[in-house]
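Undergrad: So here's work_35.json (JSON, C-alpha atoms and all ligand atoms).
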[["chain", "number", "residue", "atom", "x", "y", "z"],
["A", 1, "MET", "CA", -16.07, 9.96, -6.18],
["A", 2, "LEU", "CA", -14.72, 9.35, -2.72],
["A", 3, "ILE", "CA", -11.56, 7.32, -3.20],
["A", 4, "LEU", "CA", -9.81, 5.62, -0.28],
["A", 5, "LEU", "CA", -6.14, 5.00, -0.95],
["A", 6, "ASP", "CA", -4.16, 2.44, 0.99],
["A", 7, "MET", "CA", -0.67, 3.62, 1.82],
["A", 8, "ASP", "CA", 1.83, 0.74, 1.92],
["A", 9, "GLY", "CA", 2.29, -0.91, -1.45],
["A", 10, "VAL", "CA", 0.09, 1.73, -3.11],
["A", 11, "LEU", "CA", 1.63, 5.10, -2.22],
["A", 12, "THR", "CA", 4.82, 3.82, -0.60],
["A", 13, "ASP", "CA", 7.11, 1.21, -2.09],
["A", 14, "PHE", "CA", 6.87, -0.92, 1.03],
["A", 15, "GLU", "CA", 8.15, -4.06, -0.70],
["A", 16, "ARG", "CA", 11.31, -2.44, -2.01],
["A", 17, "GLY", "CA", 11.88, -0.70, 1.32],
["A", 18, "PHE", "CA", 11.60, -3.96, 3.21],
["A", 19, "PHE", "CA", 13.95, -5.72, 0.79],
["A", 20, "GLU", "CA", 16.62, -3.02, 1.11],
["A", 21, "SER", "CA", 16.32, -2.75, 4.90],
["A", 22, "TRP", "CA", 16.57, -6.50, 5.30],
["A", 23, "ARG", "CA", 19.73, -6.58, 3.20],
["A", 24, "THR", "CA", 21.28, -3.95, 5.43],
["A", 25, "LEU", "CA", 20.22, -5.52, 8.73],
["A", 26, "PHE", "CA", 20.67, -9.20, 7.88],
["A", 27, "PRO", "CA", 23.20, -9.52, 5.06],
["A", 28, "GLU", "CA", 23.77, -13.17, 5.99],
["A", 29, "HIS", "CA", 20.22, -14.12, 4.86],
["A", 30, "SER", "CA", 18.94, -13.21, 1.41],
["A", 31, "PRO", "CA", 15.52, -11.53, 1.45],
["A", 32, "ILE", "CA", 12.78, -12.61, -0.93],
["A", 33, "ALA", "CA", 12.85, -10.35, -3.97],
["A", 34, "PRO", "CA", 9.69, -8.20, -4.30],
["A", 35, "GLU", "CA", 8.83, -9.79, -7.66],
["A", 36, "MET", "CA", 8.99, -13.26, -6.06],
["A", 37, "ARG", "CA", 6.60, -12.48, -3.24],
["A", 38, "ARG", "CA", 3.49, -14.67, -3.20],
["A", 39, "LEU", "CA", 1.71, -13.70, 0.04],
["A", 40, "HIS", "CA", 0.65, -10.27, 1.23],
["A", 41, "GLY", "CA", 1.84, -10.83, 4.80],
["A", 42, "LEU", "CA", 5.61, -10.84, 5.17],
["A", 43, "VAL", "CA", 5.49, -12.92, 8.33],
["A", 44, "ASP", "CA", 3.47, -15.51, 6.42],
["A", 45, "GLU", "CA", 5.90, -15.50, 3.51],
["A", 46, "TYR", "CA", 9.16, -15.95, 5.41],
["A", 47, "PRO", "CA", 10.05, -19.17, 7.24],
["A", 48, "PRO", "CA", 8.95, -19.19, 10.90],
["A", 49, "GLN", "CA", 12.54, -18.93, 12.14],
["A", 50, "HIS", "CA", 12.74, -15.49, 10.48],
["A", 51, "SER", "CA", 9.50, -14.06, 11.89],
["A", 52, "ALA", "CA", 11.25, -11.97, 14.54],
["A", 53, "LYS", "CA", 13.64, -10.58, 11.94],
["A", 54, "VAL", "CA", 10.76, -9.63, 9.64],
["A", 55, "ARG", "CA", 9.15, -7.63, 12.43],
["A", 56, "GLN", "CA", 12.48, -6.13, 13.41],
["A", 57, "VAL", "CA", 12.79, -4.65, 9.91],
["A", 58, "TYR", "CA", 9.48, -2.83, 9.80],
["A", 59, "ILE", "CA", 9.13, -1.74, 13.43],
["A", 60, "ALA", "CA", 12.52, -0.01, 13.24],
["A", 61, "CYS", "CA", 12.82, 3.75, 13.65],
["A", 62, "GLY", "CA", 12.88, 5.34, 10.19],
["A", 63, "PHE", "CA", 11.53, 2.40, 8.23],
["A", 64, "PHE", "CA", 8.23, 4.02, 7.24],
["A", 65, "ARG", "CA", 9.71, 7.51, 7.02],
["A", 66, "ASN", "CA", 12.30, 6.39, 4.47],
["A", 67, "LEU", "CA", 10.03, 4.44, 2.13],
["A", 68, "GLN", "CA", 10.16, 5.70, -1.44],
["A", 69, "PRO", "CA", 6.94, 6.61, -3.25],
["A", 70, "MET", "CA", 5.63, 4.12, -5.77],
["A", 71, "PRO", "CA", 6.55, 5.33, -9.25],
["A", 72, "GLY", "CA", 3.88, 7.74, -10.45],
["A", 73, "ALA", "CA", 1.97, 7.76, -7.15],
["A", 74, "ILE", "CA", 2.49, 11.38, -6.16],
["A", 75, "ASP", "CA", 1.62, 12.74, -9.60],
["A", 76, "GLY", "CA", -1.33, 10.36, -9.76],
["A", 77, "VAL", "CA", -2.77, 11.57, -6.46],
["A", 78, "ARG", "CA", -2.36, 15.19, -7.52],
["A", 79, "GLN", "CA", -4.16, 14.49, -10.79],
["A", 80, "ILE", "CA", -7.02, 12.66, -9.09],
["A", 81, "VAL", "CA", -7.48, 15.63, -6.75],
["A", 82, "ALA", "CA", -7.35, 18.00, -9.74],
["A", 83, "LEU", "CA", -10.15, 16.00, -11.36],
["A", 84, "GLY", "CA", -12.31, 16.88, -8.37],
["A", 85, "HIS", "CA", -12.32, 13.55, -6.58],
["A", 86, "ASP", "CA", -12.24, 13.32, -2.81],
["A", 87, "ILE", "CA", -9.22, 11.33, -1.64],
["A", 88, "ARG", "CA", -8.69, 9.89, 1.81],
["A", 89, "ILE", "CA", -5.56, 8.01, 2.81],
["A", 90, "CYS", "CA", -6.84, 4.86, 4.50],
["A", 91, "THR", "CA", -4.05, 2.96, 6.18],
["A", 92, "ALA", "CA", -3.80, 0.26, 8.83],
["A", 93, "PRO", "CA", -0.94, 1.07, 11.23],
["A", 94, "LEU", "CA", 1.16, -1.58, 12.88],
["A", 95, "THR", "CA", 0.10, -2.58, 16.36],
["A", 96, "ASP", "CA", 3.76, -1.82, 17.18],
["A", 97, "TYR", "CA", 2.86, 1.81, 16.50],
["A", 98, "THR", "CA", 5.77, 3.69, 18.08],
["A", 99, "TYR", "CA", 7.47, 4.74, 14.84],
["A", 100, "CYS", "CA", 4.92, 3.60, 12.28],
["A", 101, "VAL", "CA", 2.15, 6.04, 13.18],
["A", 102, "PRO", "CA", 4.11, 9.32, 13.38],
["A", 103, "GLU", "CA", 6.22, 8.33, 10.38],
["A", 104, "LYS", "CA", 3.12, 7.68, 8.27],
["A", 105, "TYR", "CA", 2.01, 11.24, 9.04],
["A", 106, "GLU", "CA", 5.48, 12.57, 8.27],
["A", 107, "TRP", "CA", 5.54, 10.71, 4.98],
["A", 108, "ILE", "CA", 2.21, 12.11, 3.76],
["A", 109, "ASP", "CA", 3.21, 15.61, 4.89],
["A", 110, "ARG", "CA", 6.53, 15.36, 3.07],
["A", 111, "TYR", "CA", 5.23, 14.00, -0.23],
["A", 112, "LEU", "CA", 1.63, 15.26, -0.43],
["A", 113, "GLY", "CA", 1.47, 18.18, 1.98],
["A", 114, "ARG", "CA", -0.33, 19.19, 5.15],
["A", 115, "LYS", "CA", -3.75, 19.32, 3.47],
["A", 116, "MET", "CA", -3.50, 15.62, 2.72],
["A", 117, "VAL", "CA", -2.47, 14.93, 6.32],
["A", 118, "GLN", "CA", -5.95, 16.18, 7.24],
["A", 119, "ARG", "CA", -7.35, 13.46, 5.01],
["A", 120, "MET", "CA", -5.64, 10.53, 6.72],
["A", 121, "ILE", "CA", -7.67, 7.75, 8.29],
["A", 122, "LEU", "CA", -5.73, 5.26, 10.40],
["A", 123, "THR", "CA", -7.78, 2.17, 11.08],
["A", 124, "LYS", "CA", -7.34, -1.55, 11.50],
["A", 125, "ASP", "CA", -10.77, -2.09, 9.92],
["A", 126, "LYS", "CA", -11.27, -0.43, 6.55],
["A", 127, "THR", "CA", -14.76, -1.89, 6.17],
["A", 128, "LEU", "CA", -15.93, 0.68, 8.71],
["A", 129, "VAL", "CA", -14.88, 3.51, 6.39],
["A", 130, "ARG", "CA", -17.26, 4.76, 3.72],
["A", 131, "GLY", "CA", -16.20, 5.47, 0.18],
["A", 132, "ASP", "CA", -16.84, 4.59, -3.45],
["A", 133, "ILE", "CA", -13.54, 2.84, -4.08],
["A", 134, "LEU", "CA", -10.76, 1.44, -1.92],
["A", 135, "VAL", "CA", -7.46, 1.04, -3.75],
["A", 136, "ASP", "CA", -5.51, -1.56, -1.79],
["A", 137, "ASP", "CA", -2.87, -4.17, -2.58],
["A", 138, "LYS", "CA", -4.17, -6.57, 0.05],
["A", 139, "PRO", "CA", -5.96, -9.44, -1.72],
["A", 140, "GLU", "CA", -8.94, -9.46, 0.63],
["A", 141, "VAL", "CA", -9.93, -6.54, 2.83],
["A", 142, "THR", "CA", -12.36, -7.76, 5.44],
["A", 143, "GLY", "CA", -13.67, -6.57, 8.79],
["A", 144, "ALA", "CA", -16.74, -6.05, 10.91],
["A", 145, "CYS", "CA", -18.97, -4.73, 8.12],
["A", 146, "GLU", "CA", -19.91, -5.42, 4.55],
["A", 147, "PRO", "CA", -17.88, -2.70, 2.82],
["A", 148, "GLU", "CA", -19.63, 0.05, 0.89],
["A", 149, "TRP", "CA", -16.64, 0.64, -1.36],
["A", 150, "GLU", "CA", -15.55, -1.38, -4.34],
["A", 151, "HIS", "CA", -12.10, -2.86, -3.84],
["A", 152, "VAL", "CA", -9.72, -2.01, -6.68],
["A", 153, "LEU", "CA", -6.65, -4.15, -6.30],
["A", 154, "TYR", "CA", -3.34, -2.33, -6.61],
["A", 155, "ASP", "CA", -1.24, -4.68, -8.71],
["A", 156, "GLN", "CA", 1.53, -6.50, -6.85],
["A", 157, "PRO", "CA", 3.25, -9.84, -7.58],
["A", 158, "PHE", "CA", 1.52, -11.47, -4.60],
["A", 159, "ASN", "CA", -1.99, -10.63, -5.81],
["A", 160, "ARG", "CA", -1.52, -11.08, -9.54],
["A", 161, "HIS", "CA", -3.29, -14.45, -9.67],
["A", 162, "LEU", "CA", -6.60, -12.96, -8.55],
["A", 163, "PRO", "CA", -9.35, -11.98, -10.96],
["A", 164, "ALA", "CA", -10.11, -8.42, -9.95],
["A", 165, "ARG", "CA", -10.36, -4.88, -11.12],
["A", 166, "ARG", "CA", -6.77, -3.74, -10.67],
["A", 167, "MET", "CA", -4.63, -0.70, -11.26],
["A", 168, "THR", "CA", -1.15, 0.71, -11.07],
["A", 169, "TRP", "CA", -0.10, 4.34, -11.26],
["A", 170, "ARG", "CA", 0.34, 3.78, -14.99],
["A", 171, "THR", "CA", -3.23, 2.57, -15.53],
["A", 172, "TRP", "CA", -5.23, 4.45, -12.87],
["A", 173, "GLN", "CA", -6.93, 6.71, -15.39],
["A", 174, "GLN", "CA", -8.55, 3.73, -17.13],
["A", 175, "VAL", "CA", -9.75, 2.31, -13.83],
["A", 176, "LEU", "CA", -10.72, 5.32, -11.76],
["A", 177, "VAL", "CA", -11.82, 7.71, -14.49],
["A", 178, "GLN", "CA", -13.60, 5.13, -16.69],
["A", 179, "PRO", "CA", -14.82, 2.63, -14.07],
["A", 180, "GLU", "CA", -17.20, 1.04, -16.58],
["A", 181, "LEU", "CA", -14.21, -0.78, -18.11],
["A", 182, "THR", "CA", -14.23, -4.47, -17.38],
["A", 183, "ALA", "CA", -11.70, -6.02, -15.04],
["A", 184, "ASP", "CA", -10.28, -7.98, -18.00],
["A", 185, "SER", "CA", -9.59, -4.93, -20.13],
["A", 186, "VAL", "CA", -7.95, -3.20, -17.21],
["A", 187, "THR", "CA", -5.78, -6.22, -16.49],
["A", 188, "LEU", "CA", -4.63, -6.28, -20.08],
["A", 189, "GLY", "CA", -3.71, -2.60, -19.85],
["A", 190, "ARG", "CA", -1.35, -3.18, -16.97],
["B", 1, "MG", "MG", -1.05, -2.09, 1.43]]
Once more with this new file: its structure as structure tokens, please.
Ligand SMILES: [Mg+2]

TA:
Amino acid sequence: MLILLDMDGVLTDFERGFFESWRTLFPEHSPIAPEMRRLHGLVDEYPPQHSAKVRQVYIACGFFRNLQPMPGAIDGVRQIVALGHDIRICTAPLTDYTYCVPEKYEWIDRYLGRKMVQRMILTKDKTLVRGDILVDDKPEVTGACEPEWEHVLYDQPFNRHLPARRMTWRTWQQVLVQPELTADSVTLGR
């Protein structure tokens, strides 16, 4: 199988990173705890008067570089590769790319090695990329084309209400190795 893996919220703990960075930069305003998040887009989730602050957090030098891996992600990727699957990292960089783009490359190099850097696809439109499965925490991944891949939702608090095939790095084997399982049984195994 050709498996496309989203980066933020799937490989990197973007939500925790944002929460911690916000607390450091803006201690006078409490951030929304990751488990209380209800929308994928941070700018949509925070009140309009905080929009500039939200952007300030994630466009900062070092933000993407310093994100921690999601628990189990690095081992999971190594095991998927060992099973013979073809993995591509499919990530949408910020339009404010100055630090985001090089730091995404640095991050993959640091945690998964140079060979995986060769398998990175940076695109704002993932529907243009071919694959069997896209693992992504974004509730709806849309673009110019009808996607060829099946969207497997990476479980996050803000997408938990959606009926979908979903996985975490604890349940990926049930979802990616035995894809005939129903979405319900996978959800229960979370
Ligand atoms: Mg994501």

Undergrad: Can you pull out every residue with an atom within 6 Å of ligand MG 1 (chain B)? Use all atoms listed in the file and format it as a VMD selection string.

TA: chain A and resid 6 to 9 136 to 138

Undergrad: Skip segment 46-58 of chain A itself and residues of its chain fewer than 4 positions away, then list as a ChimeraX atom specification all residues within 10 Å of it, counting all atoms listed in the file.

TA: /A:14,17-26,29,31-32,37,39,41-42,62-64,94,96,99-100

Undergrad: For the atom pair atom CA of Leu5 of chain A and atom CA of Met36 of chain A, what is the interatomic distance in Å to one decimal place?

TA: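 Here the two named atoms are 24.3 Å from each other.
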
Undergrad: So that I can check the surroundings of Arg110 of chain A, please list as a list in words every protein, DNA and RNA residue that reaches within 12 Å of it, counting all atoms listed in the file and ignoring chain neighbours fewer than 4 positions away.

TA: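 These residues fall inside the cut-off: Arg65, Asn66, Leu67, Gln68, Pro69, Ile74, Glu103, Lys104, Tyr105, Glu106, Arg114, Lys115, Met116 and Val117 of chain A.
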
Undergrad: Between A:Asp155, A:Asp75, A:Glu28, A:Asp125, single out the one closest to Val141 of chain A, counting only C-alpha atoms.

TA: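 Closest to Val141 of chain A of all the choices is A:Asp125.
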
Undergrad: For segment 36-47 of chain A, where the input has fewer atoms than it should, I would like all heavy atoms rebuilt and written as a PDB file, keeping the file's coordinate frame.

TA:
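As a result, selection_25.pdb now contains:
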ATOM      1  N   MET A  36       9.216 -11.846  -6.385  1.00  0.00           N
ATOM      2  CA  MET A  36       8.990 -13.260  -6.060  1.00  0.00           C
ATOM      3  C   MET A  36       8.012 -13.448  -4.891  1.00  0.00           C
ATOM      4  O   MET A  36       7.745 -14.573  -4.481  1.00  0.00           O
ATOM      5  CB  MET A  36      10.323 -13.932  -5.688  1.00  0.00           C
ATOM      6  CG  MET A  36      11.359 -13.949  -6.796  1.00  0.00           C
ATOM      7  SD  MET A  36      10.721 -14.693  -8.295  1.00  0.00           S
ATOM      8  CE  MET A  36      10.602 -16.409  -7.765  1.00  0.00           C
ATOM      9  N   ARG A  37       7.508 -12.356  -4.388  1.00  0.00           N
ATOM     10  CA  ARG A  37       6.600 -12.480  -3.240  1.00  0.00           C
ATOM     11  C   ARG A  37       5.268 -13.087  -3.665  1.00  0.00           C
ATOM     12  O   ARG A  37       4.747 -12.765  -4.725  1.00  0.00           O
ATOM     13  CB  ARG A  37       6.398 -11.109  -2.606  1.00  0.00           C
ATOM     14  CG  ARG A  37       7.691 -10.518  -2.046  1.00  0.00           C
ATOM     15  CD  ARG A  37       7.764 -10.598  -0.560  1.00  0.00           C
ATOM     16  NE  ARG A  37       6.791  -9.701   0.041  1.00  0.00           N
ATOM     17  CZ  ARG A  37       5.667 -10.097   0.626  1.00  0.00           C
ATOM     18  NH1 ARG A  37       5.373 -11.370   0.719  1.00  0.00           N
ATOM     19  NH2 ARG A  37       4.831  -9.221   1.128  1.00  0.00           N
ATOM     20  N   ARG A  38       4.732 -13.977  -2.845  1.00  0.00           N
ATOM     21  CA  ARG A  38       3.490 -14.670  -3.200  1.00  0.00           C
ATOM     22  C   ARG A  38       2.387 -14.498  -2.167  1.00  0.00           C
ATOM     23  O   ARG A  38       1.256 -14.897  -2.404  1.00  0.00           O
ATOM     24  CB  ARG A  38       3.772 -16.174  -3.407  1.00  0.00           C
ATOM     25  CG  ARG A  38       4.641 -16.470  -4.627  1.00  0.00           C
ATOM     26  CD  ARG A  38       3.949 -16.070  -5.926  1.00  0.00           C
ATOM     27  NE  ARG A  38       4.800 -16.207  -7.098  1.00  0.00           N
ATOM     28  CZ  ARG A  38       5.522 -15.225  -7.637  1.00  0.00           C
ATOM     29  NH1 ARG A  38       5.471 -13.988  -7.107  1.00  0.00           N
ATOM     30  NH2 ARG A  38       6.262 -15.425  -8.689  1.00  0.00           N
ATOM     31  N   LEU A  39       2.712 -13.937  -1.006  1.00  0.00           N
ATOM     32  CA  LEU A  39       1.710 -13.700   0.040  1.00  0.00           C
ATOM     33  C   LEU A  39       1.794 -12.247   0.477  1.00  0.00           C
ATOM     34  O   LEU A  39       2.882 -11.657   0.514  1.00  0.00           O
ATOM     35  CB  LEU A  39       1.955 -14.618   1.241  1.00  0.00           C
ATOM     36  CG  LEU A  39       1.817 -16.129   0.996  1.00  0.00           C
ATOM     37  CD1 LEU A  39       2.336 -16.916   2.194  1.00  0.00           C
ATOM     38  CD2 LEU A  39       0.358 -16.486   0.718  1.00  0.00           C
ATOM     39  N   HIS A  40       0.662 -11.673   0.820  1.00  0.00           N
ATOM     40  CA  HIS A  40       0.650 -10.270   1.230  1.00  0.00           C
ATOM     41  C   HIS A  40       1.407 -10.072   2.558  1.00  0.00           C
ATOM     42  O   HIS A  40       2.163  -9.115   2.716  1.00  0.00           O
ATOM     43  CB  HIS A  40      -0.799  -9.794   1.369  1.00  0.00           C
ATOM     44  CG  HIS A  40      -0.934  -8.415   1.910  1.00  0.00           C
ATOM     45  ND1 HIS A  40      -1.253  -8.164   3.231  1.00  0.00           N
ATOM     46  CD2 HIS A  40      -0.773  -7.208   1.329  1.00  0.00           C
ATOM     47  CE1 HIS A  40      -1.295  -6.858   3.427  1.00  0.00           C
ATOM     48  NE2 HIS A  40      -1.012  -6.254   2.295  1.00  0.00           N
ATOM     49  N   GLY A  41       1.214 -10.982   3.485  1.00  0.00           N
ATOM     50  CA  GLY A  41       1.840 -10.830   4.800  1.00  0.00           C
ATOM     51  C   GLY A  41       3.275 -11.322   4.799  1.00  0.00           C
ATOM     52  O   GLY A  41       3.532 -12.490   4.483  1.00  0.00           O
ATOM     53  N   LEU A  42       4.193 -10.448   5.180  1.00  0.00           N
ATOM     54  CA  LEU A  42       5.610 -10.840   5.170  1.00  0.00           C
ATOM     55  C   LEU A  42       5.902 -11.951   6.163  1.00  0.00           C
ATOM     56  O   LEU A  42       6.686 -12.849   5.884  1.00  0.00           O
ATOM     57  CB  LEU A  42       6.477  -9.618   5.485  1.00  0.00           C
ATOM     58  CG  LEU A  42       6.638  -8.626   4.334  1.00  0.00           C
ATOM     59  CD1 LEU A  42       7.018  -7.259   4.869  1.00  0.00           C
ATOM     60  CD2 LEU A  42       7.691  -9.128   3.349  1.00  0.00           C
ATOM     61  N   VAL A  43       5.268 -11.877   7.322  1.00  0.00           N
ATOM     62  CA  VAL A  43       5.490 -12.920   8.330  1.00  0.00           C
ATOM     63  C   VAL A  43       5.022 -14.274   7.804  1.00  0.00           C
ATOM     64  O   VAL A  43       5.620 -15.312   8.102  1.00  0.00           O
ATOM     65  CB  VAL A  43       4.794 -12.552   9.659  1.00  0.00           C
ATOM     66  CG1 VAL A  43       4.846 -13.709  10.648  1.00  0.00           C
ATOM     67  CG2 VAL A  43       5.452 -11.320  10.283  1.00  0.00           C
ATOM     68  N   ASP A  44       3.974 -14.257   6.994  1.00  0.00           N
ATOM     69  CA  ASP A  44       3.470 -15.510   6.420  1.00  0.00           C
ATOM     70  C   ASP A  44       4.413 -16.032   5.328  1.00  0.00           C
ATOM     71  O   ASP A  44       4.501 -17.230   5.085  1.00  0.00           O
ATOM     72  CB  ASP A  44       2.084 -15.306   5.798  1.00  0.00           C
ATOM     73  CG  ASP A  44       1.089 -14.782   6.816  1.00  0.00           C
ATOM     74  OD1 ASP A  44       1.205 -15.183   7.990  1.00  0.00           O
ATOM     75  OD2 ASP A  44       0.233 -13.967   6.446  1.00  0.00           O
ATOM     76  N   GLU A  45       5.078 -15.108   4.660  1.00  0.00           N
ATOM     77  CA  GLU A  45       5.900 -15.500   3.510  1.00  0.00           C
ATOM     78  C   GLU A  45       7.265 -16.059   3.927  1.00  0.00           C
ATOM     79  O   GLU A  45       7.788 -16.984   3.307  1.00  0.00           O
ATOM     80  CB  GLU A  45       6.121 -14.256   2.620  1.00  0.00           C
ATOM     81  CG  GLU A  45       6.959 -14.506   1.393  1.00  0.00           C
ATOM     82  CD  GLU A  45       6.114 -14.630   0.135  1.00  0.00           C
ATOM     83  OE1 GLU A  45       5.489 -13.643  -0.247  1.00  0.00           O
ATOM     84  OE2 GLU A  45       6.099 -15.707  -0.453  1.00  0.00           O
ATOM     85  N   TYR A  46       7.828 -15.508   4.986  1.00  0.00           N
ATOM     86  CA  TYR A  46       9.160 -15.950   5.410  1.00  0.00           C
ATOM     87  C   TYR A  46       9.051 -17.183   6.309  1.00  0.00           C
ATOM     88  O   TYR A  46       8.040 -17.375   6.985  1.00  0.00           O
ATOM     89  CB  TYR A  46       9.883 -14.807   6.144  1.00  0.00           C
ATOM     90  CG  TYR A  46      10.518 -13.822   5.201  1.00  0.00           C
ATOM     91  CD1 TYR A  46       9.732 -12.905   4.499  1.00  0.00           C
ATOM     92  CD2 TYR A  46      11.885 -13.813   4.973  1.00  0.00           C
ATOM     93  CE1 TYR A  46      10.300 -12.005   3.602  1.00  0.00           C
ATOM     94  CE2 TYR A  46      12.463 -12.912   4.079  1.00  0.00           C
ATOM     95  CZ  TYR A  46      11.669 -12.017   3.400  1.00  0.00           C
ATOM     96  OH  TYR A  46      12.239 -11.151   2.508  1.00  0.00           O
ATOM     97  N   PRO A  47      10.072 -18.004   6.348  1.00  0.00           N
ATOM     98  CA  PRO A  47      10.050 -19.170   7.240  1.00  0.00           C
ATOM     99  C   PRO A  47       9.891 -18.727   8.702  1.00  0.00           C
ATOM    100  O   PRO A  47      10.344 -17.629   9.068  1.00  0.00           O
ATOM    101  CB  PRO A  47      11.436 -19.803   7.041  1.00  0.00           C
ATOM    102  CG  PRO A  47      12.009 -19.187   5.829  1.00  0.00           C
ATOM    103  CD  PRO A  47      11.324 -17.889   5.587  1.00  0.00           C
TER     104      PRO A  47
END
